[in-house]
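This report concerns only the one structure given below.
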Amino acid sequence: RAFKQATVIFVLGGPGVGKGTQCARLVQEYGFIHLSAGDLLRQEQSRPGSPFYELISTFIAEGKIVPMEVTVALLENAILEHIQKANKEDKTKNEQETTKPEGTHSYIHSVFPRSHKKKVYFLVDGFPRQMDQAVRFEQEVTPCQFILYLEGPEDVMLERLLKRGETSGRADDNLESIKKRFTTFKETSYPVIEVYAKQGKVQTVSCVDGPDVVFENVKRVFNGQLF
Ligand code: UP5
Ligand code: MG
């Protein structure tokens with residue numbers, strides 16, 4: 001199964017904590033693939049003819065968690081697409097190397113064509129938000145390597161979201177929706193982090209400093225966990 005090639009890191013934390021911001025930097029630094037569950041849902045919502053338009057719009061505005069069948073399917077499709085793309089690129093590179101006329105490197109490849117497929121690293125941002133989603137994903141795709149948990153006080157997150165709401169156009173960046181998102185996070189999503197913490201899989205980084213300082217701490221975690 002192609003999923004065997006996927007290494008997955010969950011990036012979790014409350015609304016506005018900086019998941020997207022830090023993931024963008026991790027992509028730059030390490031070349032990971034960033035999959036934001038919220039972005040995938042918003043894309044699906046705005047896809048013409050999507051059968052989930054109503055469902056996604058309502059759940060997002062209410063700060064509720066969209067039924068996992070939708071989210072898991074979107075994530076699985078995105079992961080498979082990226083793996084296929086990576087394999088295609090790898091195959092092209094491999095062919096170019098094996099057709100080289102000279103050199104030890106190309107000789108080795110022509111005698112022993114590369115059979116193993118390379119690992120593809122995914123940052124899964126904002127998912128899982130409920131324990132049953134975590135279980136389903138880990139059964140169907142792969143167990144996560146570890147969890148990066150970005151932590152911060154609500155007042156900091158609220159200020160950031162209200163500021164972003166001035167320009168973001170996001171249907172849930174208003175005081176009423178933000179309060180609901182906080183409640184869902186505390187009641188339903190934070191317990192996911194507690195479960196993983198008991199398994200020793202959670203790496204916590206504070207989000208209160210500026211993005212550069214947060215990223216230094218995030219990098220320290222990744223260097224310790226993966227490299
Ligand atoms: N900012 C970031 N870092 C900063 C820093 N260190 N200092 C100062 N400012 C900082 O950042 C938020 C804002 O803060 C930005 O303006 C940024 O510049 C600034 P961002 O990186 O966007 O934070 P993030 O944690 O990604 O915030 P986001 O709003 O995306 O988090 P949510 O978890 O609320 O949103 P998400 O898109 O993941 O989900 C939205 C909704 O989709 C959910 O409420 C739910 O209804 C639904 N959903 C599901 O149902 N299932 C899922 O699996 C996922 C989502
Ligand atoms: Mg985000």
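Following the order of the structure tokens, first chain is A, next is B, and so on, with residues numbered from 1 inside each chain and ligands from 1 in the order they appear.
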Query - Environment of ligand 1 within 8 Å, counting only C-alpha atoms and all ligand atoms, reported as number ranges by chain - result: A: 12-23, 36-39, 41-42, 56, 59-68, 71-72, 125-129, 157, 160-161, 163-164, 172-173, 178, 181, 184, 207-214
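Residues with any atom within 8 Å of Tyr53 in chain A, counting only C-alpha atoms and excluding same-chain neighbours fewer than 5 positions away, are Glu44, Gln45 and Ser46 of chain A.
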Got time to write the residues from that selection, N, CA and C atoms, as a compact mmCIF listing (two decimals), in the first residue's frame?
# COMPACT_ATOMS: atom_id res chain seq x y z
N GLU A 44 -13.04 21.93 -0.42
CA GLU A 44 -14.14 21.05 -0.82
C GLU A 44 -15.45 21.84 -0.82
N GLN A 45 -15.60 22.69 0.17
CA GLN A 45 -16.81 23.50 0.29
C GLN A 45 -16.98 24.41 -0.93
N SER A 46 -15.87 24.94 -1.44
CA SER A 46 -16.00 25.87 -2.56
C SER A 46 -15.87 25.19 -3.92
Requested in this report: From a DSSP calculation on the backbone, collect every residue of range 3-197 of chain A in strand (DSSP E) and output the set as a VMD selection string.
Outcome: chain A and resid 6 to 12 33 to 36 120 to 125 146 to 151
Tell me, which residues of range 26-227 of chain A carry DSSP helix (DSSP H, G or I), written as a compact mmCIF listing (two decimals) with N, CA and C atoms, in the first residue's frame?
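This is the output file part27.txt:
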# COMPACT_ATOMS: atom_id res chain seq x y z
N LEU A 26 7.94 25.08 8.28
CA LEU A 26 8.51 23.72 8.25
C LEU A 26 8.63 23.21 6.81
N VAL A 27 7.67 23.58 5.97
CA VAL A 27 7.73 23.20 4.56
C VAL A 27 8.98 23.79 3.92
N GLN A 28 9.22 25.07 4.19
CA GLN A 28 10.41 25.76 3.66
C GLN A 28 11.70 25.08 4.13
N GLU A 29 11.73 24.75 5.40
CA GLU A 29 12.97 24.25 6.02
C GLU A 29 13.27 22.81 5.65
N TYR A 30 12.22 21.96 5.66
CA TYR A 30 12.47 20.52 5.52
C TYR A 30 11.85 19.89 4.26
N ALA A 37 -6.29 20.27 7.47
CA ALA A 37 -7.63 19.67 7.34
C ALA A 37 -8.66 20.77 7.10
N GLY A 38 -8.51 21.90 7.81
CA GLY A 38 -9.44 23.01 7.62
C GLY A 38 -9.39 23.54 6.19
N ASP A 39 -8.18 23.70 5.65
CA ASP A 39 -8.05 24.18 4.26
C ASP A 39 -8.68 23.18 3.29
N LEU A 40 -8.46 21.89 3.52
CA LEU A 40 -9.05 20.88 2.62
C LEU A 40 -10.58 20.94 2.67
N LEU A 41 -11.12 21.16 3.87
CA LEU A 41 -12.58 21.28 4.00
C LEU A 41 -13.09 22.53 3.29
N ARG A 42 -12.35 23.65 3.46
CA ARG A 42 -12.78 24.89 2.79
C ARG A 42 -12.69 24.76 1.27
N GLN A 43 -11.66 24.05 0.80
CA GLN A 43 -11.55 23.82 -0.66
C GLN A 43 -12.72 22.99 -1.16
N GLU A 44 -13.04 21.93 -0.42
CA GLU A 44 -14.14 21.05 -0.82
C GLU A 44 -15.45 21.84 -0.82
N GLN A 45 -15.60 22.69 0.17
CA GLN A 45 -16.81 23.50 0.29
C GLN A 45 -16.98 24.41 -0.93
N TYR A 53 -21.31 21.00 0.47
CA TYR A 53 -21.28 22.46 0.66
C TYR A 53 -22.02 22.89 1.93
N GLU A 54 -23.27 22.48 2.04
CA GLU A 54 -24.12 22.87 3.19
C GLU A 54 -23.50 22.42 4.50
N LEU A 55 -23.16 21.14 4.51
CA LEU A 55 -22.63 20.52 5.73
C LEU A 55 -21.39 21.25 6.23
N ILE A 56 -20.43 21.42 5.33
CA ILE A 56 -19.16 22.03 5.74
C ILE A 56 -19.39 23.49 6.18
N SER A 57 -20.16 24.24 5.40
CA SER A 57 -20.40 25.66 5.75
C SER A 57 -21.00 25.77 7.15
N THR A 58 -22.00 24.95 7.42
CA THR A 58 -22.68 25.04 8.71
C THR A 58 -21.74 24.66 9.85
N PHE A 59 -21.05 23.55 9.69
CA PHE A 59 -20.19 23.08 10.78
C PHE A 59 -19.06 24.07 11.06
N ILE A 60 -18.47 24.62 10.03
CA ILE A 60 -17.35 25.55 10.24
C ILE A 60 -17.83 26.82 10.94
N ALA A 61 -18.95 27.38 10.50
CA ALA A 61 -19.46 28.61 11.12
C ALA A 61 -19.82 28.36 12.59
N MET A 68 -16.24 12.76 10.40
CA MET A 68 -14.88 12.39 10.00
C MET A 68 -14.79 11.70 8.65
N GLU A 69 -15.90 11.09 8.20
CA GLU A 69 -15.84 10.41 6.90
C GLU A 69 -15.37 11.39 5.82
N VAL A 70 -15.89 12.62 5.91
CA VAL A 70 -15.54 13.63 4.91
C VAL A 70 -14.06 14.01 5.04
N THR A 71 -13.65 14.34 6.25
CA THR A 71 -12.28 14.83 6.46
C THR A 71 -11.24 13.75 6.18
N VAL A 72 -11.50 12.54 6.67
CA VAL A 72 -10.53 11.46 6.46
C VAL A 72 -10.40 11.17 4.97
N ALA A 73 -11.51 11.17 4.24
CA ALA A 73 -11.44 10.91 2.79
C ALA A 73 -10.62 12.00 2.09
N LEU A 74 -10.83 13.25 2.48
CA LEU A 74 -10.06 14.35 1.85
C LEU A 74 -8.57 14.19 2.14
N LEU A 75 -8.24 13.85 3.38
CA LEU A 75 -6.83 13.68 3.75
C LEU A 75 -6.22 12.49 3.01
N GLU A 76 -6.94 11.39 2.97
CA GLU A 76 -6.41 10.19 2.29
C GLU A 76 -6.15 10.48 0.81
N ASN A 77 -7.10 11.13 0.17
CA ASN A 77 -6.92 11.46 -1.25
C ASN A 77 -5.69 12.33 -1.45
N ALA A 78 -5.55 13.34 -0.60
CA ALA A 78 -4.42 14.26 -0.74
C ALA A 78 -3.10 13.51 -0.52
N ILE A 79 -3.07 12.63 0.47
CA ILE A 79 -1.83 11.89 0.75
C ILE A 79 -1.47 10.99 -0.44
N LEU A 80 -2.47 10.28 -0.96
CA LEU A 80 -2.20 9.40 -2.10
C LEU A 80 -1.70 10.19 -3.31
N GLU A 81 -2.34 11.31 -3.56
CA GLU A 81 -1.92 12.14 -4.70
C GLU A 81 -0.46 12.55 -4.57
N HIS A 82 -0.10 12.99 -3.37
CA HIS A 82 1.28 13.45 -3.16
C HIS A 82 2.28 12.30 -3.27
N ILE A 83 1.89 11.14 -2.79
CA ILE A 83 2.81 9.99 -2.87
C ILE A 83 3.00 9.58 -4.34
N GLN A 84 1.89 9.56 -5.08
CA GLN A 84 2.00 9.20 -6.50
C GLN A 84 2.90 10.19 -7.24
N LYS A 85 2.74 11.46 -6.91
CA LYS A 85 3.54 12.51 -7.54
C LYS A 85 5.03 12.31 -7.20
N ALA A 86 5.28 12.02 -5.93
CA ALA A 86 6.68 11.83 -5.50
C ALA A 86 7.28 10.61 -6.21
N ASN A 87 6.50 9.55 -6.36
CA ASN A 87 7.01 8.34 -7.01
C ASN A 87 7.29 8.58 -8.49
N LYS A 88 6.43 9.37 -9.11
CA LYS A 88 6.62 9.70 -10.51
C LYS A 88 7.93 10.46 -10.69
N GLU A 89 8.14 11.44 -9.83
CA GLU A 89 9.36 12.25 -9.91
C GLU A 89 10.59 11.38 -9.66
N ASP A 90 10.44 10.46 -8.70
CA ASP A 90 11.55 9.58 -8.35
C ASP A 90 11.88 8.65 -9.52
N LYS A 91 10.84 8.16 -10.19
CA LYS A 91 11.01 7.23 -11.31
C LYS A 91 11.74 7.95 -12.45
N THR A 92 11.31 9.17 -12.72
CA THR A 92 11.96 9.94 -13.79
C THR A 92 13.45 10.14 -13.47
N LYS A 93 13.71 10.48 -12.22
CA LYS A 93 15.09 10.72 -11.79
C LYS A 93 15.91 9.43 -11.93
N ASN A 94 15.30 8.34 -11.51
CA ASN A 94 15.94 7.03 -11.55
C ASN A 94 16.27 6.64 -12.99
N GLU A 95 15.31 6.88 -13.90
CA GLU A 95 15.53 6.55 -15.30
C GLU A 95 16.66 7.38 -15.89
N GLN A 96 16.67 8.65 -15.51
CA GLN A 96 17.74 9.52 -16.02
C GLN A 96 19.09 9.02 -15.55
N GLU A 97 19.14 8.59 -14.29
CA GLU A 97 20.40 8.09 -13.73
C GLU A 97 20.84 6.79 -14.41
N THR A 98 19.90 5.87 -14.63
CA THR A 98 20.27 4.56 -15.18
C THR A 98 20.67 4.66 -16.65
N THR A 104 30.01 5.06 -11.64
CA THR A 104 29.65 3.99 -10.70
C THR A 104 28.19 4.09 -10.30
N HIS A 105 27.77 5.33 -10.04
CA HIS A 105 26.43 5.56 -9.56
C HIS A 105 25.39 4.96 -10.51
N SER A 106 25.53 5.33 -11.80
CA SER A 106 24.55 4.84 -12.77
C SER A 106 24.70 3.33 -12.97
N TYR A 107 25.94 2.82 -12.84
CA TYR A 107 26.15 1.37 -13.00
C TYR A 107 25.38 0.62 -11.92
N ILE A 108 25.53 1.07 -10.69
CA ILE A 108 24.84 0.41 -9.58
C ILE A 108 23.34 0.40 -9.82
N HIS A 109 22.81 1.54 -10.27
CA HIS A 109 21.37 1.59 -10.49
C HIS A 109 20.93 0.70 -11.62
N SER A 110 21.76 0.55 -12.65
CA SER A 110 21.33 -0.28 -13.78
C SER A 110 21.35 -1.76 -13.40
N VAL A 111 22.22 -2.13 -12.48
CA VAL A 111 22.27 -3.53 -12.05
C VAL A 111 21.21 -3.80 -10.98
N MET A 131 -11.10 11.87 19.25
CA MET A 131 -10.32 10.64 19.36
C MET A 131 -10.70 9.59 18.32
N ASP A 132 -11.99 9.48 17.98
CA ASP A 132 -12.36 8.46 16.99
C ASP A 132 -11.73 8.76 15.63
N GLN A 133 -11.50 10.04 15.35
CA GLN A 133 -10.84 10.40 14.07
C GLN A 133 -9.39 9.92 14.06
N ALA A 134 -8.76 10.08 15.22
CA ALA A 134 -7.36 9.67 15.34
C ALA A 134 -7.24 8.16 15.11
N VAL A 135 -8.15 7.42 15.74
CA VAL A 135 -8.12 5.96 15.63
C VAL A 135 -8.34 5.54 14.17
N ARG A 136 -9.36 6.14 13.55
CA ARG A 136 -9.67 5.78 12.16
C ARG A 136 -8.48 6.09 11.24
N PHE A 137 -7.92 7.26 11.38
CA PHE A 137 -6.81 7.66 10.52
C PHE A 137 -5.62 6.73 10.70
N GLU A 138 -5.31 6.44 11.95
CA GLU A 138 -4.12 5.61 12.19
C GLU A 138 -4.33 4.18 11.71
N GLN A 139 -5.58 3.71 11.72
CA GLN A 139 -5.87 2.38 11.17
C GLN A 139 -5.78 2.38 9.66
N GLU A 140 -6.35 3.41 9.05
CA GLU A 140 -6.45 3.40 7.58
C GLU A 140 -5.20 3.91 6.89
N GLU A 154 -5.90 31.62 25.72
CA GLU A 154 -7.00 32.01 24.84
C GLU A 154 -6.97 33.49 24.46
N ASP A 155 -6.56 34.35 25.41
CA ASP A 155 -6.61 35.78 25.06
C ASP A 155 -5.66 36.12 23.91
N VAL A 156 -4.50 35.45 23.89
CA VAL A 156 -3.54 35.67 22.79
C VAL A 156 -4.14 35.18 21.47
N MET A 157 -4.74 33.99 21.53
CA MET A 157 -5.32 33.41 20.32
C MET A 157 -6.50 34.25 19.80
N LEU A 158 -7.31 34.72 20.73
CA LEU A 158 -8.48 35.53 20.36
C LEU A 158 -8.05 36.81 19.64
N GLU A 159 -7.05 37.46 20.19
CA GLU A 159 -6.57 38.71 19.59
C GLU A 159 -6.07 38.46 18.15
N ARG A 160 -5.33 37.37 17.99
CA ARG A 160 -4.80 37.05 16.65
C ARG A 160 -5.92 36.78 15.66
N LEU A 161 -6.93 36.04 16.13
CA LEU A 161 -8.00 35.66 15.21
C LEU A 161 -8.85 36.86 14.83
N LEU A 162 -9.12 37.75 15.79
CA LEU A 162 -9.92 38.94 15.48
C LEU A 162 -9.17 39.83 14.50
N LYS A 163 -7.87 39.92 14.70
CA LYS A 163 -7.03 40.72 13.79
C LYS A 163 -7.08 40.09 12.40
N ARG A 164 -6.87 38.77 12.35
CA ARG A 164 -6.88 38.11 11.05
C ARG A 164 -8.24 38.25 10.37
N GLY A 165 -9.30 38.23 11.20
CA GLY A 165 -10.66 38.34 10.68
C GLY A 165 -10.93 39.63 9.91
N LEU A 175 -16.25 36.98 16.50
CA LEU A 175 -16.26 36.68 17.93
C LEU A 175 -17.15 35.49 18.27
N GLU A 176 -18.34 35.48 17.68
CA GLU A 176 -19.29 34.42 18.02
C GLU A 176 -18.75 33.03 17.64
N SER A 177 -18.27 32.89 16.40
CA SER A 177 -17.71 31.60 15.96
C SER A 177 -16.44 31.25 16.74
N ILE A 178 -15.62 32.25 17.01
CA ILE A 178 -14.35 31.98 17.70
C ILE A 178 -14.63 31.38 19.08
N LYS A 179 -15.62 31.92 19.79
CA LYS A 179 -15.97 31.39 21.11
C LYS A 179 -16.39 29.94 21.00
N LYS A 180 -17.16 29.63 19.98
CA LYS A 180 -17.60 28.24 19.78
C LYS A 180 -16.41 27.33 19.46
N ARG A 181 -15.48 27.86 18.67
CA ARG A 181 -14.28 27.06 18.31
C ARG A 181 -13.47 26.76 19.57
N PHE A 182 -13.35 27.76 20.46
CA PHE A 182 -12.62 27.53 21.71
C PHE A 182 -13.29 26.43 22.54
N THR A 183 -14.61 26.49 22.61
CA THR A 183 -15.34 25.49 23.40
C THR A 183 -15.14 24.09 22.83
N THR A 184 -15.27 23.96 21.51
CA THR A 184 -15.06 22.65 20.89
C THR A 184 -13.64 22.16 21.15
N PHE A 185 -12.69 23.07 21.07
CA PHE A 185 -11.30 22.66 21.31
C PHE A 185 -11.15 22.11 22.73
N LYS A 186 -11.64 22.86 23.71
CA LYS A 186 -11.46 22.44 25.10
C LYS A 186 -12.18 21.12 25.39
N GLU A 187 -13.42 21.02 24.91
CA GLU A 187 -14.23 19.86 25.29
C GLU A 187 -13.88 18.61 24.50
N THR A 188 -13.55 18.77 23.22
CA THR A 188 -13.44 17.60 22.34
C THR A 188 -12.03 17.36 21.81
N SER A 189 -11.34 18.43 21.45
CA SER A 189 -10.06 18.23 20.78
C SER A 189 -8.88 18.11 21.75
N TYR A 190 -8.91 18.89 22.82
CA TYR A 190 -7.80 18.78 23.78
C TYR A 190 -7.65 17.37 24.35
N PRO A 191 -8.78 16.68 24.63
CA PRO A 191 -8.63 15.29 25.11
C PRO A 191 -7.82 14.38 24.19
N VAL A 192 -7.80 14.67 22.91
CA VAL A 192 -6.97 13.87 21.98
C VAL A 192 -5.50 14.01 22.37
N ILE A 193 -5.12 15.24 22.69
CA ILE A 193 -3.72 15.51 23.07
C ILE A 193 -3.39 14.79 24.37
N GLU A 194 -4.35 14.76 25.29
CA GLU A 194 -4.12 14.07 26.56
C GLU A 194 -3.89 12.57 26.35
N VAL A 195 -4.65 11.98 25.45
CA VAL A 195 -4.49 10.54 25.18
C VAL A 195 -3.08 10.28 24.62
N TYR A 196 -2.68 11.09 23.65
CA TYR A 196 -1.35 10.89 23.06
C TYR A 196 -0.23 11.21 24.05
N ALA A 197 -0.49 12.16 24.94
CA ALA A 197 0.53 12.51 25.93
C ALA A 197 0.83 11.30 26.81
N LYS A 198 -0.19 10.53 27.14
CA LYS A 198 0.01 9.33 27.95
C LYS A 198 0.88 8.32 27.23
N PRO A 211 6.61 34.65 15.77
CA PRO A 211 6.76 33.45 14.93
C PRO A 211 8.20 32.94 14.79
N ASP A 212 9.19 33.84 14.82
CA ASP A 212 10.59 33.40 14.67
C ASP A 212 11.03 32.58 15.87
N VAL A 213 10.71 33.09 17.06
CA VAL A 213 11.10 32.38 18.29
C VAL A 213 10.37 31.05 18.37
N VAL A 214 9.07 31.07 18.06
CA VAL A 214 8.31 29.82 18.10
C VAL A 214 8.95 28.81 17.14
N PHE A 215 9.35 29.30 15.96
CA PHE A 215 9.92 28.38 14.97
C PHE A 215 11.25 27.77 15.44
N GLU A 216 12.04 28.55 16.15
CA GLU A 216 13.29 28.00 16.69
C GLU A 216 12.98 26.79 17.58
N ASN A 217 11.97 26.94 18.42
CA ASN A 217 11.59 25.85 19.33
C ASN A 217 10.97 24.67 18.57
N VAL A 218 10.22 25.00 17.54
CA VAL A 218 9.61 23.94 16.72
C VAL A 218 10.72 23.14 16.02
N LYS A 219 11.69 23.84 15.48
CA LYS A 219 12.80 23.16 14.78
C LYS A 219 13.56 22.24 15.72
N ARG A 220 13.75 22.72 16.95
CA ARG A 220 14.45 21.90 17.95
C ARG A 220 13.71 20.57 18.13
N VAL A 221 12.39 20.64 18.20
CA VAL A 221 11.58 19.43 18.35
C VAL A 221 11.78 18.50 17.15
N PHE A 222 11.68 19.05 15.95
CA PHE A 222 11.80 18.20 14.76
C PHE A 222 13.19 17.60 14.64
N ASN A 223 14.20 18.38 14.93
CA ASN A 223 15.56 17.84 14.85
C ASN A 223 15.75 16.71 15.84
N GLY A 224 15.12 16.84 17.00
CA GLY A 224 15.23 15.79 18.02
C GLY A 224 14.43 14.55 17.66
N GLN A 225 13.29 14.73 17.04
CA GLN A 225 12.38 13.60 16.78
C GLN A 225 12.71 12.84 15.50
N LEU A 226 13.17 13.57 14.48
CA LEU A 226 13.28 12.92 13.17
C LEU A 226 14.71 12.76 12.67
**Report entry** Point-to-point distance in Å for CA of Lys117 in chain A and CA of Phe10 in chain A
**Finding:**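 Separation between CA of Phe10 in chain A and CA of Lys117 in chain A: 22.4 Å.
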**Report entry** Test item: residues at most 9 Å from Val141 in chain A, only C-alpha atoms, excluding those fewer than 6 positions along its chain, as a PyMOL selection string
**Finding:** chain A and resi 3-4+6+76
Query - Top pick for closest residue to ligand 2, considering A:Tyr149, A:Gly31, A:Ala24, A:Gln199 and counting only C-alpha atoms and all ligand atoms - result: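 Answer, going by the shortest atom-to-atom distance: A:Ala24.
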